[in-house]
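Shown next: coords-v2.cif, given as mmCIF, C-alpha atoms and all ligand atoms.
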data_input
loop_
_atom_site.group_PDB
_atom_site.id
_atom_site.type_symbol
_atom_site.label_atom_id
_atom_site.label_comp_id
_atom_site.auth_asym_id
_atom_site.auth_seq_id
_atom_site.Cartn_x
_atom_site.Cartn_y
_atom_site.Cartn_z
ATOM 1 C CA MET C 18 15.828 -91.015 -5.521
ATOM 2 C CA ALA C 19 14.265 -88.302 -3.327
ATOM 3 C CA ARG C 20 15.961 -87.626 -0.013
ATOM 4 C CA ILE C 21 13.033 -87.813 2.403
ATOM 5 C CA VAL C 22 13.544 -87.031 6.085
ATOM 6 C CA THR C 23 10.404 -87.715 8.089
ATOM 7 C CA VAL C 24 10.359 -85.168 10.906
ATOM 8 C CA GLY C 25 8.206 -85.299 14.039
ATOM 9 C CA ILE C 26 7.422 -81.950 15.672
ATOM 10 C CA ALA C 27 6.949 -82.539 19.395
ATOM 11 C CA GLN C 28 5.213 -79.461 20.720
ATOM 12 C CA LEU C 29 5.021 -79.348 24.511
ATOM 13 C CA GLY C 30 2.330 -77.838 26.646
ATOM 14 C CA PRO C 31 3.328 -75.976 29.819
ATOM 15 C CA ILE C 32 5.786 -77.479 32.306
ATOM 16 C CA ARG C 33 5.058 -76.710 35.957
ATOM 17 C CA ARG C 34 7.840 -75.110 38.031
ATOM 18 C CA SER C 35 7.557 -78.056 40.409
ATOM 19 C CA GLU C 36 7.663 -80.720 37.650
ATOM 20 C CA SER C 37 10.780 -82.887 37.795
ATOM 21 C CA ARG C 38 12.978 -83.555 34.778
ATOM 22 C CA GLN C 39 12.116 -87.245 35.135
ATOM 23 C CA ASP C 40 8.414 -86.420 34.715
ATOM 24 C CA VAL C 41 9.116 -84.237 31.693
ATOM 25 C CA VAL C 42 11.255 -86.965 30.124
ATOM 26 C CA VAL C 43 8.292 -89.350 30.453
ATOM 27 C CA ARG C 44 6.297 -86.877 28.313
ATOM 28 C CA LEU C 45 9.163 -86.591 25.806
ATOM 29 C CA LEU C 46 9.462 -90.372 25.573
ATOM 30 C CA ALA C 47 5.727 -90.787 24.867
ATOM 31 C CA LEU C 48 6.047 -88.359 21.956
ATOM 32 C CA MET C 49 9.172 -90.156 20.732
ATOM 33 C CA GLU C 50 7.425 -93.556 20.786
ATOM 34 C CA ASP C 51 4.544 -92.082 18.746
ATOM 35 C CA ALA C 52 6.924 -90.438 16.290
ATOM 36 C CA ALA C 53 8.789 -93.718 15.782
ATOM 37 C CA ARG C 54 5.491 -95.540 15.195
ATOM 38 C CA MET C 55 4.665 -92.941 12.541
ATOM 39 C CA GLY C 56 7.968 -93.570 10.790
ATOM 40 C CA ALA C 57 9.840 -90.447 11.860
ATOM 41 C CA ASP C 58 13.611 -90.293 11.342
ATOM 42 C CA LEU C 59 13.924 -87.383 13.720
ATOM 43 C CA ILE C 60 11.884 -85.754 16.494
ATOM 44 C CA VAL C 61 12.263 -82.079 17.383
ATOM 45 C CA TYR C 62 11.605 -80.862 20.953
ATOM 46 C CA PRO C 63 11.367 -77.174 21.973
ATOM 47 C CA GLU C 64 13.846 -74.729 23.500
ATOM 48 C CA ALA C 65 14.679 -75.481 27.167
ATOM 49 C CA ALA C 66 12.458 -78.551 26.960
ATOM 50 C CA LEU C 67 13.343 -80.156 30.304
ATOM 51 C CA THR C 68 11.965 -77.555 32.697
ATOM 52 C CA ALA C 69 9.642 -74.576 32.987
ATOM 53 C CA PHE C 70 11.157 -71.518 31.273
ATOM 54 C CA PHE C 71 12.921 -70.068 34.355
ATOM 55 C CA PRO C 72 14.143 -66.806 32.664
ATOM 56 C CA HIS C 73 10.552 -65.671 33.253
ATOM 57 C CA TRP C 74 11.329 -65.156 36.927
ATOM 58 C CA TRP C 75 14.049 -63.523 39.058
ATOM 59 C CA ILE C 76 16.463 -65.897 40.820
ATOM 60 C CA ASP C 77 18.999 -64.470 43.289
ATOM 61 C CA ASP C 78 20.372 -67.630 44.787
ATOM 62 C CA GLU C 79 23.199 -69.220 42.768
ATOM 63 C CA ALA C 80 22.501 -72.783 43.910
ATOM 64 C CA GLU C 81 18.866 -72.363 42.931
ATOM 65 C CA LEU C 82 19.877 -70.957 39.555
ATOM 66 C CA ASP C 83 22.273 -73.871 38.968
ATOM 67 C CA SER C 84 19.456 -76.303 39.666
ATOM 68 C CA TRP C 85 17.774 -75.295 36.393
ATOM 69 C CA PHE C 86 20.837 -76.237 34.341
ATOM 70 C CA GLU C 87 22.204 -79.554 32.988
ATOM 71 C CA ARG C 88 25.840 -80.205 33.935
ATOM 72 C CA GLU C 89 26.150 -83.195 31.649
ATOM 73 C CA MET C 90 24.388 -84.494 28.580
ATOM 74 C CA PRO C 91 23.233 -87.170 28.817
ATOM 75 C CA GLY C 92 22.719 -86.983 32.576
ATOM 76 C CA ALA C 93 20.769 -89.304 34.832
ATOM 77 C CA ALA C 94 17.386 -87.821 33.886
ATOM 78 C CA THR C 95 18.019 -87.522 30.137
ATOM 79 C CA ARG C 96 19.808 -90.854 29.495
ATOM 80 C CA PRO C 97 16.474 -92.648 28.794
ATOM 81 C CA LEU C 98 15.990 -90.354 25.774
ATOM 82 C CA PHE C 99 19.327 -91.427 24.303
ATOM 83 C CA GLU C 100 18.602 -95.098 25.004
ATOM 84 C CA ALA C 101 15.143 -94.870 23.421
ATOM 85 C CA ALA C 102 16.573 -93.104 20.367
ATOM 86 C CA ARG C 103 19.048 -95.979 19.886
ATOM 87 C CA ARG C 104 16.354 -98.610 20.424
ATOM 88 C CA LEU C 105 13.773 -96.938 18.147
ATOM 89 C CA ARG C 106 16.336 -95.811 15.548
ATOM 90 C CA ILE C 107 15.176 -92.191 15.701
ATOM 91 C CA GLY C 108 17.248 -89.030 16.037
ATOM 92 C CA PHE C 109 16.253 -86.057 18.185
ATOM 93 C CA HIS C 110 16.780 -82.345 18.731
ATOM 94 C CA LEU C 111 16.649 -81.198 22.357
ATOM 95 C CA GLY C 112 16.917 -77.706 23.839
ATOM 96 C CA TYR C 113 18.170 -77.317 27.419
ATOM 97 C CA ALA C 114 19.963 -74.931 29.771
ATOM 98 C CA GLU C 115 23.649 -75.912 29.857
ATOM 99 C CA LEU C 116 26.091 -75.349 32.727
ATOM 100 C CA ALA C 117 29.669 -75.851 31.541
ATOM 101 C CA VAL C 118 32.716 -75.466 33.775
ATOM 102 C CA ALA C 119 35.819 -74.217 31.943
ATOM 103 C CA ASP C 120 39.064 -73.234 33.732
ATOM 104 C CA GLY C 121 37.234 -73.370 37.039
ATOM 105 C CA ARG C 122 34.636 -70.854 35.803
ATOM 106 C CA LYS C 123 30.921 -71.563 35.428
ATOM 107 C CA ARG C 124 29.501 -70.762 32.030
ATOM 108 C CA ARG C 125 25.801 -70.877 31.293
ATOM 109 C CA PHE C 126 24.304 -71.237 27.837
ATOM 110 C CA ASN C 127 20.894 -71.730 26.230
ATOM 111 C CA THR C 128 21.792 -74.826 24.218
ATOM 112 C CA ALA C 129 20.391 -77.365 21.779
ATOM 113 C CA ILE C 130 21.848 -80.652 20.593
ATOM 114 C CA LEU C 131 21.222 -82.853 17.592
ATOM 115 C CA VAL C 132 21.378 -86.590 18.298
ATOM 116 C CA GLY C 133 21.611 -89.320 15.664
ATOM 117 C CA LYS C 134 19.672 -92.583 15.353
ATOM 118 C CA ASP C 135 22.532 -94.331 17.145
ATOM 119 C CA GLY C 136 21.976 -92.162 20.227
ATOM 120 C CA ALA C 137 25.265 -90.279 19.738
ATOM 121 C CA ILE C 138 25.455 -86.476 19.786
ATOM 122 C CA ILE C 139 26.068 -85.107 16.272
ATOM 123 C CA GLY C 140 26.483 -81.474 17.263
ATOM 124 C CA LYS C 141 25.738 -78.723 19.749
ATOM 125 C CA TYR C 142 24.550 -75.131 19.262
ATOM 126 C CA ARG C 143 24.513 -72.334 21.872
ATOM 127 C CA LYS C 144 21.961 -69.538 21.405
ATOM 128 C CA ILE C 145 23.445 -66.328 20.041
ATOM 129 C CA HIS C 146 20.532 -63.849 20.025
ATOM 130 C CA LEU C 147 19.525 -63.596 23.684
ATOM 131 C CA PRO C 148 16.406 -61.449 24.157
ATOM 132 C CA GLY C 149 15.424 -59.436 27.206
ATOM 133 C CA TYR C 150 17.576 -57.768 29.859
ATOM 134 C CA ALA C 151 19.727 -58.499 32.922
ATOM 135 C CA ASP C 152 18.032 -56.299 35.555
ATOM 136 C CA HIS C 153 14.995 -57.040 37.696
ATOM 137 C CA ARG C 154 11.737 -55.456 36.476
ATOM 138 C CA PRO C 155 9.271 -56.373 39.209
ATOM 139 C CA GLU C 156 6.616 -54.033 37.789
ATOM 140 C CA GLN C 157 6.245 -56.353 34.789
ATOM 141 C CA PRO C 158 3.880 -59.362 34.789
ATOM 142 C CA PHE C 159 6.842 -61.655 34.110
ATOM 143 C CA GLN C 160 10.583 -61.304 33.513
ATOM 144 C CA ASN C 161 12.673 -61.924 30.403
ATOM 145 C CA LEU C 162 16.091 -62.547 31.958
ATOM 146 C CA GLU C 163 17.991 -64.482 29.312
ATOM 147 C CA LYS C 164 20.671 -61.778 29.246
ATOM 148 C CA ARG C 165 21.190 -62.355 32.999
ATOM 149 C CA TYR C 166 21.219 -66.135 33.030
ATOM 150 C CA PHE C 167 23.001 -66.994 29.759
ATOM 151 C CA GLU C 168 26.162 -66.011 27.913
ATOM 152 C CA VAL C 169 26.022 -65.370 24.174
ATOM 153 C CA GLY C 170 26.696 -68.649 22.380
ATOM 154 C CA ASN C 171 30.250 -69.244 21.196
ATOM 155 C CA LEU C 172 29.808 -71.999 18.620
ATOM 156 C CA GLY C 173 28.615 -69.949 15.615
ATOM 157 C CA PHE C 174 25.855 -71.347 13.392
ATOM 158 C CA PRO C 175 27.293 -74.711 12.355
ATOM 159 C CA VAL C 176 25.722 -76.952 9.711
ATOM 160 C CA TRP C 177 26.274 -80.692 10.003
ATOM 161 C CA HIS C 178 26.012 -83.568 7.514
ATOM 162 C CA ALA C 179 23.199 -85.599 9.090
ATOM 163 C CA PHE C 180 20.031 -87.490 8.136
ATOM 164 C CA GLY C 181 21.163 -87.574 4.512
ATOM 165 C CA GLY C 182 21.395 -83.787 4.226
ATOM 166 C CA ARG C 183 22.807 -80.599 5.732
ATOM 167 C CA VAL C 184 21.224 -79.748 9.073
ATOM 168 C CA GLY C 185 21.546 -76.598 11.205
ATOM 169 C CA VAL C 186 20.148 -75.545 14.589
ATOM 170 C CA MET C 187 19.127 -72.154 15.943
ATOM 171 C CA ILE C 188 17.120 -71.262 19.059
ATOM 172 C CA CYS C 189 13.985 -69.155 19.471
ATOM 173 C CA ASN C 190 14.910 -65.460 19.119
ATOM 174 C CA ASP C 191 17.560 -66.390 16.506
ATOM 175 C CA ARG C 192 14.660 -67.078 14.123
ATOM 176 C CA ARG C 193 13.856 -63.366 13.909
ATOM 177 C CA TRP C 194 17.332 -62.505 12.557
ATOM 178 C CA PRO C 195 18.004 -63.014 8.830
ATOM 179 C CA GLU C 196 21.719 -63.414 9.550
ATOM 180 C CA ALA C 197 21.086 -66.648 11.426
ATOM 181 C CA TYR C 198 19.515 -68.323 8.387
ATOM 182 C CA ARG C 199 21.924 -66.702 5.933
ATOM 183 C CA VAL C 200 25.051 -67.945 7.730
ATOM 184 C CA MET C 201 23.574 -71.436 7.448
ATOM 185 C CA GLY C 202 22.287 -70.782 3.915
ATOM 186 C CA LEU C 203 25.836 -69.962 2.857
ATOM 187 C CA GLN C 204 26.810 -73.411 4.155
ATOM 188 C CA GLY C 205 24.125 -75.048 1.994
ATOM 189 C CA VAL C 206 21.707 -75.825 4.831
ATOM 190 C CA GLU C 207 18.655 -77.929 3.875
ATOM 191 C CA LEU C 208 16.946 -78.418 7.244
ATOM 192 C CA VAL C 209 16.928 -75.856 10.067
ATOM 193 C CA LEU C 210 15.647 -77.029 13.456
ATOM 194 C CA LEU C 211 14.589 -74.643 16.208
ATOM 195 C CA GLY C 212 12.597 -74.573 19.418
ATOM 196 C CA TYR C 213 10.922 -71.580 21.050
ATOM 197 C CA ASN C 214 9.278 -70.211 24.216
ATOM 198 C CA THR C 215 7.411 -67.139 23.001
ATOM 199 C CA PRO C 216 5.048 -65.200 25.273
ATOM 200 C CA VAL C 217 1.971 -63.740 23.588
ATOM 201 C CA HIS C 218 2.474 -60.525 25.570
ATOM 202 C CA ASN C 219 5.486 -58.273 25.123
ATOM 203 C CA PRO C 220 5.482 -55.906 28.132
ATOM 204 C CA ALA C 221 7.753 -53.455 26.286
ATOM 205 C CA MET C 222 5.547 -53.333 23.145
ATOM 206 C CA PRO C 223 2.020 -54.442 24.114
ATOM 207 C CA GLU C 224 0.666 -52.934 20.893
ATOM 208 C CA THR C 225 2.253 -55.862 18.994
ATOM 209 C CA ASP C 226 0.622 -58.616 21.085
ATOM 210 C CA ASP C 227 -1.961 -59.260 18.350
ATOM 211 C CA LEU C 228 0.888 -59.853 15.908
ATOM 212 C CA THR C 229 2.898 -62.379 17.953
ATOM 213 C CA ASN C 230 1.626 -65.398 16.016
ATOM 214 C CA PHE C 231 2.025 -63.595 12.694
ATOM 215 C CA HIS C 232 5.623 -62.561 13.435
ATOM 216 C CA ASN C 233 6.471 -66.126 14.456
ATOM 217 C CA HIS C 234 5.500 -67.562 11.098
ATOM 218 C CA LEU C 235 6.653 -64.516 9.122
ATOM 219 C CA SER C 236 10.239 -64.894 10.394
ATOM 220 C CA MET C 237 10.462 -68.626 9.794
ATOM 221 C CA GLN C 238 8.718 -68.609 6.404
ATOM 222 C CA ALA C 239 10.971 -65.796 5.147
ATOM 223 C CA GLY C 240 14.068 -67.584 6.453
ATOM 224 C CA ALA C 241 13.063 -70.815 4.738
ATOM 225 C CA TYR C 242 12.265 -69.239 1.365
ATOM 226 C CA GLN C 243 15.215 -66.825 1.209
ATOM 227 C CA ASN C 244 17.670 -69.593 2.040
ATOM 228 C CA ALA C 245 16.018 -72.449 0.142
ATOM 229 C CA THR C 246 15.720 -74.655 3.199
ATOM 230 C CA TRP C 247 13.188 -76.560 5.255
ATOM 231 C CA VAL C 248 12.554 -74.918 8.654
ATOM 232 C CA VAL C 249 11.077 -76.777 11.612
ATOM 233 C CA GLY C 250 9.881 -74.616 14.525
ATOM 234 C CA VAL C 251 8.610 -76.208 17.741
ATOM 235 C CA ALA C 252 6.945 -74.396 20.646
ATOM 236 C CA LYS C 253 6.539 -74.833 24.341
ATOM 237 C CA ALA C 254 2.968 -73.574 24.351
ATOM 238 C CA GLY C 255 0.089 -72.686 26.655
ATOM 239 C CA VAL C 256 -0.047 -70.960 30.029
ATOM 240 C CA GLU C 257 3.113 -71.839 31.945
ATOM 241 C CA GLU C 258 3.449 -70.435 35.457
ATOM 242 C CA GLY C 259 1.159 -67.537 34.490
ATOM 243 C CA VAL C 260 2.885 -66.788 31.160
ATOM 244 C CA ASP C 261 0.739 -67.359 28.065
ATOM 245 C CA GLN C 262 2.954 -68.773 25.276
ATOM 246 C CA ILE C 263 2.119 -69.228 21.595
ATOM 247 C CA GLY C 264 1.932 -72.596 19.854
ATOM 248 C CA GLN C 265 1.837 -72.782 16.043
ATOM 249 C CA SER C 266 4.652 -75.347 15.849
ATOM 250 C CA CYS C 267 5.151 -76.077 12.174
ATOM 251 C CA VAL C 268 7.193 -77.396 9.313
ATOM 252 C CA ILE C 269 7.946 -74.985 6.465
ATOM 253 C CA ALA C 270 9.058 -76.001 2.983
ATOM 254 C CA PRO C 271 11.771 -74.207 0.963
ATOM 255 C CA SER C 272 8.902 -72.517 -0.901
ATOM 256 C CA GLY C 273 8.067 -70.725 2.345
ATOM 257 C CA GLU C 274 4.798 -72.653 2.683
ATOM 258 C CA ILE C 275 3.704 -74.256 5.951
ATOM 259 C CA VAL C 276 3.103 -77.944 5.269
ATOM 260 C CA VAL C 277 2.201 -79.117 8.782
ATOM 261 C CA GLN C 278 1.106 -77.205 11.890
ATOM 262 C CA CYS C 279 0.038 -78.075 15.432
ATOM 263 C CA ALA C 280 -3.536 -77.203 16.330
ATOM 264 C CA THR C 281 -3.430 -77.176 20.148
ATOM 265 C CA LEU C 282 -1.453 -75.518 22.933
ATOM 266 C CA GLY C 283 -0.519 -78.815 24.587
ATOM 267 C CA ASP C 284 1.721 -81.826 24.034
ATOM 268 C CA GLU C 285 1.114 -82.613 20.370
ATOM 269 C CA LEU C 286 2.942 -84.545 17.711
ATOM 270 C CA GLN C 287 2.711 -83.866 13.992
ATOM 271 C CA VAL C 288 4.801 -85.501 11.303
ATOM 272 C CA ALA C 289 5.994 -84.170 7.949
ATOM 273 C CA ARG C 290 7.864 -85.826 5.106
ATOM 274 C CA CYS C 291 10.576 -83.347 4.135
ATOM 275 C CA ASP C 292 12.084 -83.912 0.698
ATOM 276 C CA LEU C 293 15.506 -82.312 0.979
ATOM 277 C CA ASP C 294 15.822 -82.334 -2.804
ATOM 278 C CA LEU C 295 13.146 -79.605 -2.950
ATOM 279 C CA CYS C 296 15.858 -77.207 -1.758
ATOM 280 C CA ALA C 297 17.970 -77.776 -4.859
ATOM 281 C CA ALA C 298 15.695 -76.022 -7.367
ATOM 282 C CA TYR C 299 15.608 -72.852 -5.255
ATOM 283 C CA LYS C 300 19.356 -73.034 -4.567
ATOM 284 C CA ALA C 301 20.057 -73.423 -8.304
ATOM 285 C CA ASN C 302 17.712 -70.682 -9.523
ATOM 286 C CA ILE C 303 16.123 -67.763 -7.676
ATOM 287 C CA PHE C 304 18.497 -68.130 -4.690
ATOM 288 C CA ASN C 305 21.636 -69.183 -6.525
ATOM 289 C CA PHE C 306 23.933 -67.215 -4.212
ATOM 290 C CA ALA C 307 27.047 -67.560 -6.373
ATOM 291 C CA LYS C 308 25.242 -66.198 -9.436
ATOM 292 C CA HIS C 309 22.978 -63.529 -8.010
ATOM 293 C CA ARG C 310 24.210 -62.227 -4.645
ATOM 294 C CA ARG C 311 26.151 -58.985 -5.069
ATOM 295 C CA VAL C 312 28.035 -58.748 -1.801
ATOM 296 C CA GLU C 313 30.732 -56.521 -3.335
ATOM 297 C CA HIS C 314 28.073 -53.826 -3.944
ATOM 298 C CA TYR C 315 26.383 -53.926 -0.546
ATOM 299 C CA GLY C 316 29.253 -52.016 1.109
ATOM 300 C CA LEU C 317 28.969 -49.238 -1.499
ATOM 301 C CA ILE C 318 25.240 -48.866 -0.809
ATOM 302 C CA VAL C 319 25.891 -48.572 2.935
ATOM 303 C CA GLU C 320 28.620 -45.967 2.281
ATOM 304 C CA ARG C 321 26.533 -43.877 -0.118
ATOM 305 C CA THR C 322 23.403 -43.762 2.031
ATOM 306 C CA GLY C 323 25.168 -43.305 5.345
ATOM 307 C CA ALA C 324 23.282 -46.359 6.615
ATOM 308 C CA GLY C 325 26.496 -47.370 8.389
ATOM 309 C CA ASP C 326 25.754 -44.677 10.985
ATOM 310 C CA VAL C 327 22.844 -46.629 12.375
ATOM 311 C CA LEU C 328 24.488 -50.012 12.321
ATOM 312 C CA GLY C 329 26.046 -49.450 15.754
HETATM 313 N N1 LIG C 401 12.945 -67.484 24.266
HETATM 314 C C1 LIG C 401 12.960 -66.454 23.401
HETATM 315 O O1 LIG C 401 13.962 -66.176 22.758
HETATM 316 N N2 LIG C 401 11.811 -65.712 23.328
HETATM 317 C C2 LIG C 401 11.711 -64.526 22.539
HETATM 318 C C3 LIG C 401 10.699 -63.580 23.125
HETATM 319 C C4 LIG C 401 11.090 -63.154 24.485
HETATM 320 C C5 LIG C 401 10.531 -62.348 22.225
HETATM 321 C C6 LIG C 401 11.315 -64.819 21.095
HETATM 322 O O2 LIG C 401 11.971 -64.280 20.197
HETATM 323 O O3 LIG C 401 10.349 -65.535 20.855
#
Let's see the structure in the file written out as structure tokens.
Amino acid sequence: MARIVTVGIAQLGPIRRSESRQDVVVRLLALMEDAARMGADLIVYPEAALTAFFPHWWIDDEAELDSWFEREMPGAATRPLFEAARRLRIGFHLGYAELAVADGRKRRFNTAILVGKDGAIIGKYRKIHLPGYADHRPEQPFQNLEKRYFEVGNLGFPVWHAFGGRVGVMICNDRRWPEAYRVMGLQGVELVLLGYNTPVHNPAMPETDDLTNFHNHLSMQAGAYQNATWVVGVAKAGVEEGVDQIGQSCVIAPSGEIVVQCATLGDELQVARCDLDLCAAYKANIFNFAKHRRVEHYGLIVERTGAGDVLG
């Protein structure tokens, strides 16, 4: 019997800086109700889905910075999502900014959780590849301050048994790094979930602005194919506080093909039936890692070519 996971991709349009979490959760709940009606087992929300993407602006005041973070999950504003999941028997993936206090020290992460149909948290991932910089660049049209506001994630790239398969989570910029998929691929991942906030314009490399959409799909399609896994990428799209962000939320099969894609830059739900058994043929043949990967030779190649010098 095929292992079908019906996945809802819940793309979000812009969130205003002044919009409360409660108001955003109302939007998330509407998408969840629709997804449940359409038979989804799981709904995937974007990166930092509860607020506007605050790393796009400079924040000096610590109390103000803290106000963008969740101290508990679920908290008062997000509990309705967990209750609805339990009631509707639907799991969800949610990205958010996490404030954890350990040994009296504040730690801030760009985080995503996977929640089961019973409303219980299955696992948590903290973003590892943080783009941008930590200094203020007021000459730029917007900031990219993830390196200032977040620590590098400390939970690795875990893969969990969930929804009848092996599920992993990465966040936004992680999708551009083959290592992120490969670490999960080596754990037999069958379904990778990720959310993103991706500006069309890159102030450091404006000549690539025309390629932003292409690079989005290129990274995820390559990751899916080379690791024989489904990949689900979900955007926060549209013009948010002056920053134009791409959409293109999609579901990609282990063949690397896009099977479902959003067509707007607003709140939009699409649903795809993902047969996890499709991964098996690729894992057993062209990407049979045990048979065909030659890790013991890769070191020799690096040594011979001197490529190690540029690895940093
Ligand atoms: N939120 C992100 O990680 N955004 C980056 C942008 C800044 C390049 C991305 O990789 O889409």
Practice task
Excluding C:Glu87 and any residue of its chain fewer than 4 positions from it, enumerate the residues within 12 Å of it, using only C-alpha atoms, and give them as an MDAnalysis selection string.
Solution key: chainID C and resid 38 65:68 82:83 91:95 112:118 124:129
Practice task
Let me have all residues with an atom within 8 Å of ligand LIG 401 (chain C), counting only C-alpha atoms and all ligand atoms, laid out as JSON, numbers by chain.
Solution key: {"C": [64, 146, 147, 148, 149, 161, 163, 188, 189, 190, 191, 192, 193, 213, 214, 215, 216, 219, 233]}
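Within the 12 Å cut-off around C:Leu228, using only C-alpha atoms and omitting residues fewer than 6 positions from it on the same chain, the listed residues are Pro216, Val217, His218, Asn219, Met222, His234, Leu235, Ser236 and Ile263 of chain C.
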Determine, counting all atoms listed in the file, which protein, DNA and RNA residues have an atom within 8 Å of an atom of C:Gln278; residues of the same chain fewer than 4 positions away are not included. Present the result as a JSON list (two decimals) with C-alpha atoms, keeping the file's coordinate frame.
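Okay, this is what ended up in result-v4.json:
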[["chain", "number", "residue", "atom", "x", "y", "z"],
["C", 265, "GLN", "CA", 1.84, -72.78, 16.04],
["C", 266, "SER", "CA", 4.65, -75.35, 15.85],
["C", 267, "CYS", "CA", 5.15, -76.08, 12.17],
["C", 268, "VAL", "CA", 7.19, -77.40, 9.31],
["C", 287, "GLN", "CA", 2.71, -83.87, 13.99]]
Handout entry: Output check: residues returned by the PyMOL selection byres (((chain C and resi 153) around 10) and not hetatm), as a list in words
Key =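 Evaluating the PyMOL selection byres (((chain C and resi 153) around 10) and not hetatm) on these coordinates yields Trp74, Trp75, Ile76, Tyr150, Ala151, Asp152, Arg154, Pro155, Glu156, Gln157, Gln160, Asn161, Leu162 and Arg165 of chain C.
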Exercise for the section: Evaluate the PyMOL selection byres (((chain C and resi 259) around 10) and not hetatm) and record the selected residues as a ChimeraX atom specification, following the chain and residue labels used in the document. Expected result: /C:31,73,158-159,255-258,260-262
Exercise for the section: For the structure shown, which residues end up in the PyMOL selection byres (((chain C and resi 40-53) around 8) and not hetatm)? Put them as JSON, numbers by chain, please? Expected result: {"C": [25, 27, 32, 36, 37, 38, 39, 54, 55, 56, 57, 58, 60, 62, 67, 68, 94, 95, 97, 98, 101, 102, 105, 106, 107, 285, 286, 288]}
Problem - Pairwise distance for atom CA of C:Ile21 and atom CA of C:Ala179, rounded to one decimal in Å - result: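 So the two atoms, atom CA of C:Ile21 and atom CA of C:Ala179, lie 12.4 Å apart.
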Please tabulate, as a tab-separated table, the residues of stretch 165-233 of chain C that come within 10 Å of stretch 299-306 of chain C, each with its closest pair of atoms and the distance in Å to one decimal, counting only C-alpha atoms and ordering rows by chain, then residue number upward.
residue	atom	partner	partner_atom	distance
C:Gly202	CA	C:Phe306	CA	9.0
C:Leu203	CA	C:Phe306	CA	7.8
C:Gly205	CA	C:Lys300	CA	8.4
C:Glu207	CA	C:Lys300	CA	9.8
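Picture a line from atom CA of C:Ala254 to atom CA of C:Pro63; it runs 9.4 Å.
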Problem - d(atom CA of C:Glu168, atom CA of C:Arg143) in Å - result: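 Atom CA of C:Arg143 lies 8.9 Å from atom CA of C:Glu168.
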Enclose all atoms of stretch 176-189 of chain C listed in the file in an axis-aligned box, grow every side by 5 Å, and hand back centre and edge lengths in Å to one decimal, as AutoDock Vina command-line options.
--center_x 20.1 --center_y -78.4 --center_z 11.8 --size_x 22.3 --size_y 28.4 --size_z 25.2
Exercise for the section: Compare C:Gly133, C:Gly182, C:Pro220, C:Pro195 by their minimum atom-to-atom distance to C:Phe109, counting only C-alpha atoms, and give me the closest one. Expected result: C:Gly133
Exercise for the section: Find the residues around C:Tyr198 up to 10 Å (all atoms listed in the file counted), leave out those fewer than 5 positions away in its own chain, and share them as a PyMOL selection string. Expected result: chain C and resi 174+185-187+191-193+203-204+206+209+237+239-241+243-246+248
Residue list as a PDB file with C-alpha atoms, keeping the file's coordinate frame for point (-4.0, -76.5, 22.4), cut-off 9 Å, only C-alpha atoms:
ATOM      1  CA  GLY C  30       2.330 -77.838  26.646  1.00  0.00           C
ATOM      2  CA  ALA C 254       2.968 -73.574  24.351  1.00  0.00           C
ATOM      3  CA  GLY C 255       0.089 -72.686  26.655  1.00  0.00           C
ATOM      4  CA  GLY C 264       1.932 -72.596  19.854  1.00  0.00           C
ATOM      5  CA  CYS C 279       0.038 -78.075  15.432  1.00  0.00           C
ATOM      6  CA  ALA C 280      -3.536 -77.203  16.330  1.00  0.00           C
ATOM      7  CA  THR C 281      -3.430 -77.176  20.148  1.00  0.00           C
ATOM      8  CA  LEU C 282      -1.453 -75.518  22.933  1.00  0.00           C
ATOM      9  CA  GLY C 283      -0.519 -78.815  24.587  1.00  0.00           C
ATOM     10  CA  ASP C 284       1.721 -81.826  24.034  1.00  0.00           C
ATOM     11  CA  GLU C 285       1.114 -82.613  20.370  1.00  0.00           C
TER      12      GLU C 285
END
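Across C:Phe180, C:Gln28, C:Arg310, C:Lys141, the tightest approach to C:Ala252 is made by C:Gln28 when counting all atoms listed in the file.
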